[in-house]
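Chemist: Contents of query_11.txt (compact mmCIF, C-alpha atoms):
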```
# COMPACT_ATOMS: atom_id res chain seq x y z
CA MET A 70 -1.02 -5.62 -20.09
CA THR A 71 -2.86 -3.29 -17.69
CA PRO A 72 -0.63 -2.55 -14.68
CA ILE A 73 -1.72 -3.61 -11.22
CA GLU A 74 -2.66 -0.61 -9.11
CA LEU A 75 -0.92 -0.28 -5.75
CA ARG A 76 -2.12 2.67 -3.69
CA PHE A 77 -0.18 3.17 -0.45
CA GLY A 78 -1.21 5.52 2.34
CA GLY A 79 0.37 7.37 5.26
CA TYR A 80 -0.35 10.13 7.74
CA GLN A 81 2.85 12.13 8.20
CA GLY A 82 4.75 14.97 6.52
CA LEU A 83 7.60 14.88 4.05
CA ALA A 84 10.34 14.76 6.71
CA SER A 85 8.83 11.71 8.45
CA VAL A 86 10.88 8.52 8.52
CA HIS A 87 7.72 6.72 7.36
CA THR A 88 7.07 9.05 4.42
CA ARG A 89 10.68 8.78 3.30
CA ALA A 90 10.44 4.99 3.50
CA GLY A 91 7.21 5.04 1.49
CA ASN A 92 9.06 6.89 -1.24
CA VAL A 93 11.86 4.32 -1.12
CA PHE A 94 9.23 1.60 -1.46
CA GLY A 95 7.92 3.18 -4.64
CA GLU A 96 11.42 3.53 -6.09
CA ARG A 97 12.39 -0.05 -5.29
CA LEU A 98 9.06 -1.31 -6.59
CA ALA A 99 9.75 0.31 -9.96
CA GLY A 100 13.13 -1.40 -10.00
CA GLU A 101 11.62 -4.79 -9.16
CA LEU A 102 8.50 -4.77 -11.32
CA GLY A 103 8.78 -1.86 -13.74
CA ASP A 104 5.53 -1.01 -15.51
CA ALA A 105 3.74 -4.08 -14.16
CA VAL A 106 2.66 -2.06 -11.10
CA LYS A 107 1.29 1.48 -10.95
CA PHE A 108 2.35 2.82 -7.55
CA THR A 109 0.84 5.91 -5.92
CA PHE A 110 1.61 7.16 -2.43
CA ASP A 111 -0.80 9.40 -0.53
CA SER A 112 1.76 10.32 2.10
CA ASN A 113 -0.47 12.30 4.47
CA ILE A 114 -4.22 11.73 4.47
CA VAL A 115 -4.48 14.08 7.48
CA GLU A 116 -3.84 16.99 5.12
CA ARG A 117 -7.08 16.06 3.36
CA GLY A 118 -9.10 16.14 6.58
CA ARG A 119 -9.04 12.42 7.31
CA LYS A 120 -8.09 10.91 10.65
CA ALA A 121 -4.87 8.95 10.62
CA SER A 122 -6.76 5.91 11.88
CA ASP A 123 -8.93 6.00 8.75
CA LEU A 124 -6.05 4.28 6.98
CA LEU A 125 -7.01 0.98 8.60
CA SER A 126 -10.53 0.98 7.18
CA MET A 127 -9.29 2.34 3.85
CA VAL A 128 -7.01 -0.67 3.45
CA GLU A 129 -9.39 -3.27 4.80
CA THR A 130 -12.25 -2.13 2.52
CA GLY A 131 -9.95 -1.94 -0.51
CA GLU A 132 -10.09 1.83 -0.98
CA ILE A 133 -6.30 1.59 -1.03
CA GLU A 134 -4.03 -1.44 -1.10
CA GLY A 135 -1.61 -0.77 1.75
CA CYS A 136 -0.43 1.47 4.58
CA TYR A 137 1.76 1.57 7.66
CA PHE A 138 0.16 1.88 11.09
CA SER A 139 0.91 1.35 14.78
CA SER A 140 0.35 -2.22 15.92
CA SER A 141 -1.35 -0.90 19.07
CA TYR A 142 -4.44 0.09 17.09
CA LEU A 143 -5.16 -3.51 16.11
CA ALA A 144 -4.62 -4.99 19.57
CA ASP A 145 -8.36 -4.97 20.27
CA ARG A 146 -8.90 -7.36 17.34
CA VAL A 147 -5.65 -9.31 17.71
CA PRO A 148 -4.89 -9.10 21.45
CA GLU A 149 -1.59 -10.93 21.00
CA LEU A 150 -0.18 -7.78 19.37
CA GLY A 151 -0.22 -6.28 22.86
CA ILE A 152 2.96 -8.19 23.56
CA PHE A 153 4.74 -5.34 21.77
CA ASP A 154 3.29 -2.98 24.38
CA GLN A 155 5.52 -4.07 27.26
CA HIS A 156 6.95 -0.90 28.72
CA PHE A 157 10.58 -0.63 29.86
CA VAL A 158 11.36 -4.10 28.44
CA VAL A 159 13.10 -3.63 25.05
CA PRO A 160 16.54 -2.08 25.65
CA ASP A 161 17.70 -1.28 22.12
CA ARG A 162 16.84 -1.44 18.42
CA ALA A 163 18.87 -4.56 17.63
CA LYS A 164 16.85 -6.58 20.11
CA ALA A 165 13.59 -5.06 18.90
CA TYR A 166 14.37 -6.04 15.31
CA ALA A 167 15.27 -9.56 16.43
CA VAL A 168 11.74 -9.86 17.83
CA LEU A 169 10.05 -8.34 14.76
CA ASP A 170 12.02 -10.34 12.18
CA GLY A 171 12.03 -13.60 14.13
CA SER A 172 9.55 -16.34 14.86
CA LEU A 173 7.36 -14.08 17.02
CA GLY A 174 6.90 -11.56 14.21
CA ARG A 175 5.88 -14.34 11.83
CA ARG A 176 3.49 -15.82 14.40
CA LEU A 177 1.77 -12.49 14.97
CA ALA A 178 1.53 -11.81 11.24
CA ALA A 179 -0.28 -15.14 10.84
CA LEU A 180 -2.73 -14.21 13.59
CA VAL A 181 -3.47 -10.83 11.98
CA GLU A 182 -4.12 -12.55 8.64
CA ALA A 183 -6.44 -15.10 10.25
CA ARG A 184 -8.57 -12.58 12.14
CA THR A 185 -8.67 -9.46 9.96
CA GLY A 186 -8.75 -8.37 6.34
CA PHE A 187 -5.03 -7.54 6.44
CA VAL A 188 -1.76 -9.23 5.67
CA VAL A 189 1.36 -7.99 7.48
CA LEU A 190 4.21 -7.71 4.99
CA ASP A 191 6.81 -6.14 7.29
CA TYR A 192 7.41 -4.18 10.48
CA TRP A 193 8.68 -0.61 10.61
CA ASP A 194 10.41 1.20 13.46
CA ASN A 195 7.89 3.48 15.17
CA GLY A 196 10.59 4.86 17.45
CA PHE A 197 11.56 4.79 21.09
CA ARG A 198 8.91 6.81 22.88
CA HIS A 199 9.68 9.62 25.31
CA ILE A 200 7.60 12.00 27.42
CA SER A 201 7.27 15.73 26.76
CA THR A 202 5.60 18.38 28.95
CA GLY A 203 5.14 22.11 29.09
CA ARG A 204 5.17 22.45 32.87
CA HIS A 205 8.31 20.82 34.22
CA PRO A 206 10.68 17.94 33.46
CA ILE A 207 9.49 14.42 34.29
CA LEU A 208 12.34 13.02 36.38
CA ARG A 209 10.46 10.77 38.81
CA PRO A 210 6.99 9.20 38.98
CA ASP A 211 5.78 11.92 41.39
CA ASP A 212 6.29 14.45 38.56
CA CYS A 213 3.55 12.67 36.58
CA MET A 214 0.86 13.00 39.23
CA GLY A 215 -2.38 14.48 37.92
CA LEU A 216 -1.02 15.45 34.48
CA LYS A 217 -3.27 14.71 31.49
CA ILE A 218 -1.19 12.75 28.96
CA ARG A 219 -2.07 11.93 25.37
CA THR A 220 -1.59 8.25 24.66
CA LEU A 221 -2.43 5.80 21.92
CA ALA A 222 -5.89 4.22 22.04
CA ASN A 223 -4.58 1.13 23.78
CA GLU A 224 -5.50 -0.15 27.24
CA HIS A 225 -2.04 -1.59 27.94
CA HIS A 226 -0.51 1.86 27.45
CA GLN A 227 -3.16 3.61 29.50
CA ARG A 228 -2.84 1.22 32.47
CA VAL A 229 0.91 1.83 32.60
CA PHE A 230 0.52 5.60 32.53
CA ARG A 231 -2.15 5.50 35.21
CA SER A 232 0.27 3.58 37.42
CA LEU A 233 2.67 6.55 37.10
CA GLY A 234 -0.03 9.00 38.18
CA PHE A 235 -0.95 10.34 34.73
CA GLU A 236 -4.52 10.79 33.49
CA PRO A 237 -4.45 9.21 29.99
CA ARG A 238 -6.34 10.71 27.04
CA ALA A 239 -6.59 8.81 23.73
CA ILE A 240 -6.34 11.35 20.88
CA ASP A 241 -5.89 10.68 17.17
CA VAL A 242 -2.52 11.82 15.85
CA ARG A 243 -4.33 14.27 13.54
CA ASP A 244 -5.53 16.19 16.61
CA LEU A 245 -2.40 15.81 18.74
CA PRO A 246 -0.60 19.11 17.89
CA ALA A 247 -3.74 21.13 18.63
CA ALA A 248 -4.36 19.24 21.88
CA VAL A 249 -0.83 20.09 23.02
CA ALA A 250 -1.00 23.72 21.89
CA ASP A 251 -4.35 24.49 23.54
CA GLY A 252 -3.60 22.66 26.79
CA THR A 253 -6.11 19.84 26.35
CA VAL A 254 -3.23 17.64 27.51
CA ASP A 255 -0.31 18.54 29.78
CA ALA A 256 1.99 15.83 28.45
CA GLN A 257 2.34 13.42 25.57
CA GLU A 258 4.68 10.60 24.55
CA ASN A 259 6.28 10.07 21.15
CA PRO A 260 9.62 9.49 19.44
CA LEU A 261 11.83 12.55 19.02
CA THR A 262 11.18 12.59 15.28
CA ASN A 263 7.45 13.06 15.88
CA ILE A 264 7.94 15.59 18.67
CA TYR A 265 10.00 17.73 16.32
CA ASN A 266 8.12 17.21 13.06
CA PHE A 267 4.69 17.75 14.65
CA GLY A 268 5.96 20.96 16.29
CA ILE A 269 5.09 19.72 19.78
CA HIS A 270 8.26 21.27 21.20
CA ARG A 271 6.91 24.74 20.50
CA THR A 272 4.62 24.23 23.52
CA HIS A 273 6.38 21.42 25.39
CA LYS A 274 9.84 22.69 26.30
CA TYR A 275 10.76 19.65 28.42
CA ILE A 276 11.49 16.18 27.07
CA THR A 277 12.51 13.24 29.22
CA LEU A 278 14.23 10.38 27.39
CA THR A 279 12.31 7.61 29.13
CA ARG A 280 12.61 5.10 26.26
CA HIS A 281 9.61 3.45 27.84
CA LEU A 282 8.46 1.71 24.67
CA MET A 283 9.78 0.79 21.25
CA GLY A 284 6.88 1.47 18.89
CA VAL A 285 6.01 -0.94 16.09
CA ALA A 286 4.39 0.10 12.82
CA MET A 287 3.04 -2.78 10.78
CA VAL A 288 2.99 -2.52 6.99
CA LEU A 289 -0.49 -3.76 6.18
CA PHE A 290 -2.01 -4.77 2.85
CA ASN A 291 -5.54 -5.72 1.91
CA LYS A 292 -5.48 -9.51 2.25
CA ASP A 293 -7.74 -10.43 -0.65
CA ARG A 294 -6.14 -7.90 -2.99
CA PHE A 295 -2.61 -9.05 -2.21
CA LYS A 296 -3.47 -12.72 -2.55
CA SER A 297 -5.15 -12.09 -5.92
CA TRP A 298 -1.89 -10.87 -7.43
CA PRO A 299 0.34 -13.29 -9.38
CA ALA A 300 3.23 -14.80 -7.44
CA ASP A 301 5.83 -12.72 -9.27
CA ILE A 302 4.02 -9.50 -8.29
CA GLN A 303 3.70 -10.61 -4.67
CA GLY A 304 7.40 -11.46 -4.58
CA GLY A 305 8.40 -8.15 -6.15
CA VAL A 306 6.29 -6.22 -3.64
CA GLU A 307 7.82 -8.14 -0.72
CA ARG A 308 11.39 -7.61 -1.97
CA ALA A 309 10.84 -3.89 -2.57
CA LEU A 310 9.22 -3.50 0.83
CA ARG A 311 12.07 -5.28 2.60
CA GLN A 312 14.49 -2.78 1.06
CA ALA A 313 12.24 0.08 2.17
CA THR A 314 12.08 -1.42 5.68
CA LEU A 315 15.86 -1.48 6.01
CA ALA A 316 16.00 2.14 4.86
CA GLN A 317 13.18 3.11 7.22
CA ARG A 318 14.90 1.62 10.22
CA GLN A 319 18.09 3.50 9.42
CA PHE A 320 16.11 6.73 9.02
CA ALA A 321 14.56 6.16 12.45
CA ASP A 322 17.93 5.55 14.10
CA ASP A 323 19.50 8.60 12.43
CA ASP A 324 16.57 10.83 13.35
CA ASP A 325 17.07 10.26 17.07
CA ARG A 326 20.36 12.13 16.83
CA ILE A 327 19.32 14.66 14.19
CA CYS A 328 16.07 15.64 15.89
CA ALA A 329 17.69 15.85 19.33
CA GLU A 330 20.14 18.40 17.91
CA LYS A 331 17.31 20.39 16.30
CA LEU A 332 15.21 20.32 19.47
CA ILE A 333 18.10 21.60 21.59
CA ALA A 334 18.84 24.32 19.03
CA ASP A 335 15.19 25.43 19.33
CA GLY A 336 15.53 25.79 23.11
CA THR A 337 14.05 22.48 24.25
CA GLU A 338 15.44 20.92 27.43
CA ILE A 339 16.19 17.21 26.95
CA HIS A 340 16.71 15.21 30.12
CA GLU A 341 18.38 11.80 30.13
CA LEU A 342 17.43 9.58 33.06
CA ASP A 343 20.31 8.00 34.93
CA ASN A 344 20.03 4.35 35.98
CA ALA A 345 18.63 5.13 39.41
CA GLN A 346 16.00 7.52 38.03
CA ARG A 347 14.96 5.07 35.35
CA GLU A 348 14.61 2.29 37.91
CA THR A 349 12.00 4.34 39.80
CA PHE A 350 9.83 4.31 36.66
CA VAL A 351 10.46 0.60 36.10
CA ALA A 352 9.47 -0.15 39.69
CA ALA A 353 6.32 2.00 39.50
CA THR A 354 5.11 0.22 36.35
CA ARG A 355 6.35 -3.31 37.10
CA GLU A 356 2.98 -4.62 38.27
CA GLU A 357 1.15 -3.37 35.17
CA VAL A 358 3.83 -4.74 32.83
CA ALA A 359 3.53 -8.10 34.58
CA LYS A 360 -0.23 -8.00 34.01
CA THR A 361 0.39 -7.45 30.30
CA ARG A 362 2.67 -10.48 30.13
CA ALA A 363 0.33 -12.63 32.19
CA GLY A 364 -2.44 -12.06 29.68
CA PHE A 365 -0.62 -13.85 26.86
CA ASP A 366 -0.21 -17.47 25.99
CA ALA A 367 2.95 -18.86 27.59
CA GLU A 368 4.29 -20.00 24.21
CA LEU A 369 3.98 -16.46 22.86
CA VAL A 370 5.84 -15.00 25.85
CA ALA A 371 8.55 -17.65 25.43
CA LEU A 372 8.96 -16.72 21.75
CA PHE A 373 9.24 -13.03 22.69
CA ASP A 374 11.90 -13.72 25.32
CA GLU A 375 13.77 -16.12 23.04
CA ASN A 376 13.88 -13.65 20.14
CA LEU A 377 14.79 -10.76 22.46
CA SER A 378 17.69 -12.62 24.04
CA GLY A 379 18.91 -14.04 20.72
CA ALA A 380 19.78 -10.67 19.17
```
Once you've parsed the file, please lay out its structure as structure tokens.

Modeler:
Amino acid sequence: MTPIELRFGGYQGLASVHTRAGNVFGERLAGELGDAVKFTFDSNIVERGRKASDLLSMVETGEIEGCYFSSSYLADRVPELGIFDQHFVVPDRAKAYAVLDGSLGRRLAALVEARTGFVVLDYWDNGFRHISTGRHPILRPDDCMGLKIRTLANEHHQRVFRSLGFEPRAIDVRDLPAAVADGTVDAQENPLTNIYNFGIHRTHKYITLTRHLMGVAMVLFNKDRFKSWPADIQGGVERALRQATLAQRQFADDDDRICAEKLIADGTEIHELDNAQRETFVAATREEVAKTRAGFDAELVALFDENLSGA
């Protein structure tokens, strides 16, 4: 029988927690389904001149079957996904996973399926995001004033950063290292693993561990393609992916420590906010975070709070 083709795409280098998880997915898929599926993984389309965001159209049009990508990029089509974009709300990974793997995660996956050409098969850890700069440490909101910061192309994010005094700039991840190196932006925000692996610390010598947002990467598959597969293939893909997800989340947790050590060894200053300092950022953004929550259906907010507190 001709094997089913499963082409999976990404946008990061070999050391990335996402790339490593993609490789685990392929290995587990072979264990689950053997020769019934032909798996290929294009781990970094950016190396071939594509924008990272091209992955979304590549999956939805059927050029490839699946990818991982930040939930924030689909919030314009599925506004409810913006509930993940509540800054300074999620305190730790255990609570974040309780939200993703609970009733809220299932509800949002159903909404994505209903409104787009995707199915969401799992959620990956896109890291706690921190702020880096080349000028000076960010220790209070006044330190943000007038700095151009690269953000994701998401209005929730940009409103929050404006409230801190930043001037947000949406830049594709493909162009981020160059924008940092040439001074197009004065600051950017990313997990430590990205700051190190993208080489951002070569220009930005100051990192503040704001933990302002826990990023979510959805694992997306072409809806029609996935649903056309026999039930045993669908089940094998889901089981293999769940194993890859557990590995990915551990990679992400481990990389916080590993990359912090590497960054410090390379001369980067890492600043941890104390409770009082962090509260000044929480207070400065509270109104915008409240606006984000107010824009969602009350049932959705209740599910978020219930899953968050149930961890």

Chemist: Show me a table, sorted first by chain and then by increasing residue number, of the residues of stretch 269-342 of chain A having an atom at most 9 Å from stretch 115-133 of chain A, each with its shortest atom pair and the distance in Å to one decimal, counting all atoms listed in the file and written as a Markdown table.

Modeler:
```
| residue | atom | partner | partner_atom | distance |
| --- | --- | --- | --- | --- |
| A:Leu289 | CA | A:Val128 | CA | 7.7 |
| A:Phe290 | CA | A:Val128 | CA | 6.5 |
| A:Asn291 | CA | A:Glu129 | CA | 5.4 |
| A:Lys292 | CA | A:Glu129 | CA | 7.8 |
| A:Asp293 | CA | A:Gly131 | CA | 8.8 |
| A:Arg294 | CA | A:Gly131 | CA | 7.5 |
```

Chemist: Just write the chosen residues, C-alpha atoms, as a PDB file, keeping the file's coordinate frame.

Modeler:
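Once everything was written out, this is again_39.pdb:
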```pdb
ATOM      1  CA  LEU A 289      -0.490  -3.760   6.180  1.00  0.00           C
ATOM      2  CA  PHE A 290      -2.010  -4.770   2.850  1.00  0.00           C
ATOM      3  CA  ASN A 291      -5.540  -5.720   1.910  1.00  0.00           C
ATOM      4  CA  LYS A 292      -5.480  -9.510   2.250  1.00  0.00           C
ATOM      5  CA  ASP A 293      -7.740 -10.430  -0.650  1.00  0.00           C
ATOM      6  CA  ARG A 294      -6.140  -7.900  -2.990  1.00  0.00           C
TER       7      ARG A 294
END
```

Chemist: Find, counting only C-alpha atoms, the residue in A:Phe197, A:Phe350, A:Phe138, A:Phe77 that gets nearest to A:Thr109.

Modeler: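 For A:Thr109, the nearest of the given residues is A:Phe77.
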
Chemist: Record the distance separating atom CA of A:His281 and atom CA of A:Asp154, expressed in Å with one decimal.

Modeler: 9.7 Å

Chemist: Distance atom CA of A:Arg204-atom CA of A:Ile240, one decimal place?

Modeler: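 Computed distance, atom CA of A:Arg204 to atom CA of A:Ile240, equals 20.0 Å.
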
Chemist: Please, which residues are within 10 Å of (3.7, -0.4, 34.1) by the file's coordinates, counting only C-alpha atoms, and could they come as a PyMOL selection string?

Modeler: chain A and resi 155-157+225-233+281+350-361

Chemist: So, counting only C-alpha atoms, which residue among A:Ala316, A:Ile327, A:Val86, A:Val285 is closest to A:Val168?

Modeler: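 Closest to A:Val168, using only C-alpha atoms: A:Val285.
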
Chemist: Point out the residue among A:Pro148, A:Gly196, A:Pro72, A:Gly171 with the least atom-to-atom distance to A:Gln317, counting only C-alpha atoms.

Modeler: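 That would be A:Gly196, the residue with the smallest distance to A:Gln317.
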
Chemist: Could you check the closest approach to A:Gly79 for each of A:Gly203, A:Gly135, A:Pro210, A:Gly100 and tell me which residue wins, using all atoms listed in the file?

Modeler: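 The answer is A:Gly135, which sits nearest to A:Gly79.
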
Chemist: Fewer than 4 positions away in the same chain doesn't count, so skip those; otherwise give me all residues within 12 Å of A:Glu182, counting all atoms listed in the file, as an MDAnalysis selection string.

Modeler: chainID A and resid 129 143 146:147 175:178 186:190 289:293 295:296

Chemist: Using all atoms listed in the file, which residues sit within 7 Å of A:Leu310 once same-chain residues fewer than 4 positions away are excluded, as an MDAnalysis selection string?

Modeler: chainID A and resid 94 306 314
